[in-house]
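So the structure is just underneath, and the comments pick up after that.
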Amino acid sequence: MGRKEKYIGIMSGTSLDGVDVVLCEIDSQSCTLLHSLEYPMPQELKNDILTIIEGKSTLEQVGKIDHRLGLLFTQAVGALLIRENIDASSIIAIGLHGQTLWHEPDGEHPFSMQLGDSNIMTAKTGIPVVADFRRKDMALGGQGAPFAPAFHEFIFKNINSSVSIVNIGGMANITVLGQKLIGYDTGCGNVLLDMWINKHQNVTYDKDGTWAKSGEVDYTLLDAMMADEYFSQPYPKSTGREKFNEAWLENMLCRGEPMCSPNMDEKKNITSVVEAKGNHMGLPLRRNEDVQRTLVELTALSISNEVLKFNTDVALLCGGGAKNSFLVERIKALMLNVEVAIAQNADEIEAMTFAWLAYKRIHKEKVNLKDVTGAKDNTILGAIYE
């Protein structure tokens, strides 16, 4: 079994809602969460990251974001070490995912870009950092994502029931445990929900789906969104903000409405135009809360459709979306014959994944992902900074 070793994992997902930091004790058979912390991401930095993702950037801005994220992640680690009075010398390594700016696995020149300078972290903490996990998988022809299924297989391997695990972050992904490990991104998770409520209610997320519950599903809009080719694309597949973003939603809202322009002044919004048209042209009235309600249904439906393909008895939910009680309610309603439960440490599992991946890299162990990502072979993932 080997001795237990301590590793830190850091995750900052596509939802940009903060930095998750965990301290885990790991050996060849187990990964135990000891401590966790959610460190806030400054709004200015979040806005600058979104500006870059939207394609409005220079190389200088990218370089500065890389440095600022390196400092932020280092501060997050420091906060955990100080709060829990942990000696940095007791940590074997830090697994740093970094902040994804762009993920394009299917282009002519596939790549995935995560920022957050690991050199800053190892220089300031004295702890080795393992980062750049995705690109070796992509070099072997894989999608470079999702990586959570390999960790799900490791921690849930002793469950007797047939199980699927659904991680709902900015994007959502599914893991199906069996003789052959299956995993892929089902589509958007929280990203559009958070974007829409921030745009119209000036809050970062819809707690328990309260605002969404005040609206009604727009089935015309839902059908248009579900008709996107991503949802019918076979796995292996992965996605991100470069696909499911504000421009994508605006295009869906404008579909079939020639007077609705997706490139509107920031002080206006697509919905107000559709409402105006509804009032004067006999078109259906679409309220902002109806869009939010429809986005909940999009996430719930795109997840449940995939779970039901595999006839599993149990679906374990994890990630930030598992805390949205209304979203969970809708997922349960769409697959009544599947037992839906919230996984233990549901909000920390993604960060724990990267602590475990750091353990695998330090021990020069290959990660079982080729059946998930489509890579030619399993391989050792990550680069070590020390």
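Ligands are numbered from 1 in the order shown, residues from 1 within each chain, and chains are lettered A, B, ... in the order they appear in the structure tokens.
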Which residues come within 7 Å of stretch 5-17 of chain A, counting only C-alpha atoms, excluding same-chain residues fewer than 5 positions away, as a PDB file with C-alpha atoms, in the first residue's frame?
ATOM      1  CA  VAL A  22      -7.687  20.951  -0.686  1.00  0.00           C
ATOM      2  CA  LEU A  23      -5.147  19.085   1.408  1.00  0.00           C
ATOM      3  CA  CYS A  24      -5.334  15.329   0.946  1.00  0.00           C
ATOM      4  CA  GLU A  25      -3.588  12.309   2.380  1.00  0.00           C
ATOM      5  CA  ILE A  26      -2.965   9.841  -0.430  1.00  0.00           C
ATOM      6  CA  ASP A  27      -1.604   6.343  -0.926  1.00  0.00           C
ATOM      7  CA  MET A  41     -11.327  35.394  -7.067  1.00  0.00           C
ATOM      8  CA  LYS A  46     -12.475  37.539 -13.292  1.00  0.00           C
ATOM      9  CA  SER A  90       5.175  18.205   5.065  1.00  0.00           C
ATOM     10  CA  ILE A  91       3.601  18.596   1.606  1.00  0.00           C
ATOM     11  CA  ILE A  92       5.046  16.390  -1.141  1.00  0.00           C
ATOM     12  CA  ALA A  93       3.641  18.452  -4.029  1.00  0.00           C
ATOM     13  CA  ILE A  94       0.863  20.728  -5.221  1.00  0.00           C
ATOM     14  CA  GLY A  95      -1.359  19.692  -8.133  1.00  0.00           C
ATOM     15  CA  LEU A  96      -2.296  22.879 -10.003  1.00  0.00           C
ATOM     16  CA  HIS A  97      -4.871  22.701 -12.768  1.00  0.00           C
ATOM     17  CA  GLY A  98      -4.621  26.391 -13.664  1.00  0.00           C
ATOM     18  CA  GLN A  99      -7.317  28.591 -15.157  1.00  0.00           C
ATOM     19  CA  THR A 100      -8.522  27.388 -18.541  1.00  0.00           C
ATOM     20  CA  GLY A 169     -19.123  22.742 -12.655  1.00  0.00           C
ATOM     21  CA  GLY A 170     -19.083  25.463 -15.287  1.00  0.00           C
ATOM     22  CA  MET A 171     -19.367  22.539 -17.670  1.00  0.00           C
ATOM     23  CA  ASN A 190     -23.514  26.301 -14.363  1.00  0.00           C
ATOM     24  CA  VAL A 191     -21.770  28.594 -16.829  1.00  0.00           C
ATOM     25  CA  ARG A 241     -16.482  28.487 -22.539  1.00  0.00           C
ATOM     26  CA  GLU A 350     -12.427  18.353  -8.582  1.00  0.00           C
ATOM     27  CA  ALA A 351      -9.620  19.852  -6.505  1.00  0.00           C
ATOM     28  CA  MET A 352      -8.978  16.426  -4.962  1.00  0.00           C
ATOM     29  CA  PHE A 354      -5.551  17.320  -9.044  1.00  0.00           C
ATOM     30  CA  ALA A 355      -3.996  16.444  -5.691  1.00  0.00           C
TER      31      ALA A 355
END
Closest atom pairs, stretch 99-206 of chain A residues within 12 Å of stretch 77-80 of chain A, only C-alpha atoms, as a tab-separated table:
residue	atom	partner	partner_atom	distance
A:Met121	CA	A:Val77	CA	8.7
A:Thr122	CA	A:Val77	CA	10.8
A:Lys124	CA	A:Gly78	CA	9.3
A:Thr125	CA	A:Gly78	CA	7.7
A:Gly126	CA	A:Gly78	CA	11.3
A:Ile127	CA	A:Val77	CA	10.4
A:Val129	CA	A:Val77	CA	11.5
Just-selected residues, C-alpha atoms written as a PDB file, in the first residue's frame:
ATOM      1  CA  MET A 121       4.033  29.137  -6.592  1.00  0.00           C
ATOM      2  CA  THR A 122       7.034  26.881  -6.083  1.00  0.00           C
ATOM      3  CA  LYS A 124       7.121  31.381  -2.856  1.00  0.00           C
ATOM      4  CA  THR A 125       6.005  28.188  -1.076  1.00  0.00           C
ATOM      5  CA  GLY A 126       9.069  25.990  -1.494  1.00  0.00           C
ATOM      6  CA  ILE A 127       6.739  23.139  -2.482  1.00  0.00           C
ATOM      7  CA  VAL A 129       4.219  22.036  -8.216  1.00  0.00           C
TER       8      VAL A 129
END
Would you list the contacts of stretch 160-162 of chain A as a ChimeraX atom specification, taking every protein, DNA or RNA residue within 8 Å and counting only C-alpha atoms, but skipping same-chain residues closer than 3 positions in sequence?
-> /A:177-178,312-314
Using only C-alpha atoms, which of the listed residues (A:Thr204, A:Leu369, A:Gly374, A:Asn305) sits closest to A:Asp106?
->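 Among A:Thr204, A:Leu369, A:Gly374, A:Asn305, it is A:Gly374 that comes nearest to A:Asp106.
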Name the residues in contact with A:Tyr39 at a cut-off of 7 Å, using only C-alpha atoms, excluding same-chain residues fewer than 3 positions from it; report them as a PyMOL selection string.
-> chain A and resi 18-20+76
Pull all heavy atoms from the residues just selected and write them as an mmCIF file, in the first residue's frame.
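Result went into again30.cif, see below:
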data_model
loop_
_atom_site.group_PDB
_atom_site.id
_atom_site.type_symbol
_atom_site.label_atom_id
_atom_site.label_comp_id
_atom_site.auth_asym_id
_atom_site.auth_seq_id
_atom_site.Cartn_x
_atom_site.Cartn_y
_atom_site.Cartn_z
ATOM 1 N N GLY A 18 -14.296 31.093 -7.921
ATOM 2 C CA GLY A 18 -13.338 31.074 -6.825
ATOM 3 C C GLY A 18 -12.314 29.984 -7.041
ATOM 4 O O GLY A 18 -12.358 29.246 -8.026
ATOM 5 N N VAL A 19 -11.392 29.886 -6.105
ATOM 6 C CA VAL A 19 -10.325 28.896 -6.173
ATOM 7 C C VAL A 19 -10.543 27.880 -5.057
ATOM 8 O O VAL A 19 -10.599 28.244 -3.883
ATOM 9 C CB VAL A 19 -8.938 29.555 -6.012
ATOM 10 C CG1 VAL A 19 -7.823 28.508 -6.095
ATOM 11 C CG2 VAL A 19 -8.736 30.642 -7.062
ATOM 12 N N ASP A 20 -10.685 26.609 -5.433
ATOM 13 C CA ASP A 20 -10.842 25.544 -4.452
ATOM 14 C C ASP A 20 -9.477 24.949 -4.144
ATOM 15 O O ASP A 20 -8.744 24.531 -5.062
ATOM 16 C CB ASP A 20 -11.776 24.447 -4.975
ATOM 17 C CG ASP A 20 -13.214 24.932 -5.107
ATOM 18 O OD1 ASP A 20 -13.654 25.706 -4.237
ATOM 19 O OD2 ASP A 20 -13.889 24.541 -6.071
ATOM 20 N N ALA A 76 -3.876 31.484 -2.218
ATOM 21 C CA ALA A 76 -4.883 30.515 -1.788
ATOM 22 C C ALA A 76 -4.233 29.376 -1.002
ATOM 23 O O ALA A 76 -4.742 28.948 0.045
ATOM 24 C CB ALA A 76 -5.643 29.974 -2.993
#
Please identify which residues in stretch 15-222 of chain A DSSP calls strand (DSSP E or B) from the backbone, and express them as a VMD selection string.
-> chain A and resid 19 to 26 31 to 39 91 to 104 111 to 115 129 to 131 163 to 168 171 to 176 182 to 188
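Minimum atom-to-atom distances from A:Leu115, A:Ile197, A:Ala150, A:Leu72 to A:Asp371 were compared using only C-alpha atoms, and the lowest value belongs to A:Ala150.
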Sel. of alpha helix (DSSP H) residues, stretch 108-258 of chain A, as a PyMOL selection string | chain A and resi 118-125+134-139+148-155+191-201+210-213+219-226+229-232+246-254
For the contact check between stretch 117-148 of chain A and stretch 60-69 of chain A, emit one row per residue of stretch 117-148 of chain A within 10 Å, containing the shortest atom pair and the distance in Å rounded to one decimal, counting only C-alpha atoms, chain then rising number order, as a Markdown table.
| residue | atom | partner | partner_atom | distance |
| --- | --- | --- | --- | --- |
| A:Asp117 | CA | A:Asp66 | CA | 5.6 |
| A:Ser118 | CA | A:His67 | CA | 9.2 |
| A:Asn119 | CA | A:His67 | CA | 9.5 |
| A:Ile120 | CA | A:His67 | CA | 7.8 |
| A:Met121 | CA | A:Leu69 | CA | 9.9 |
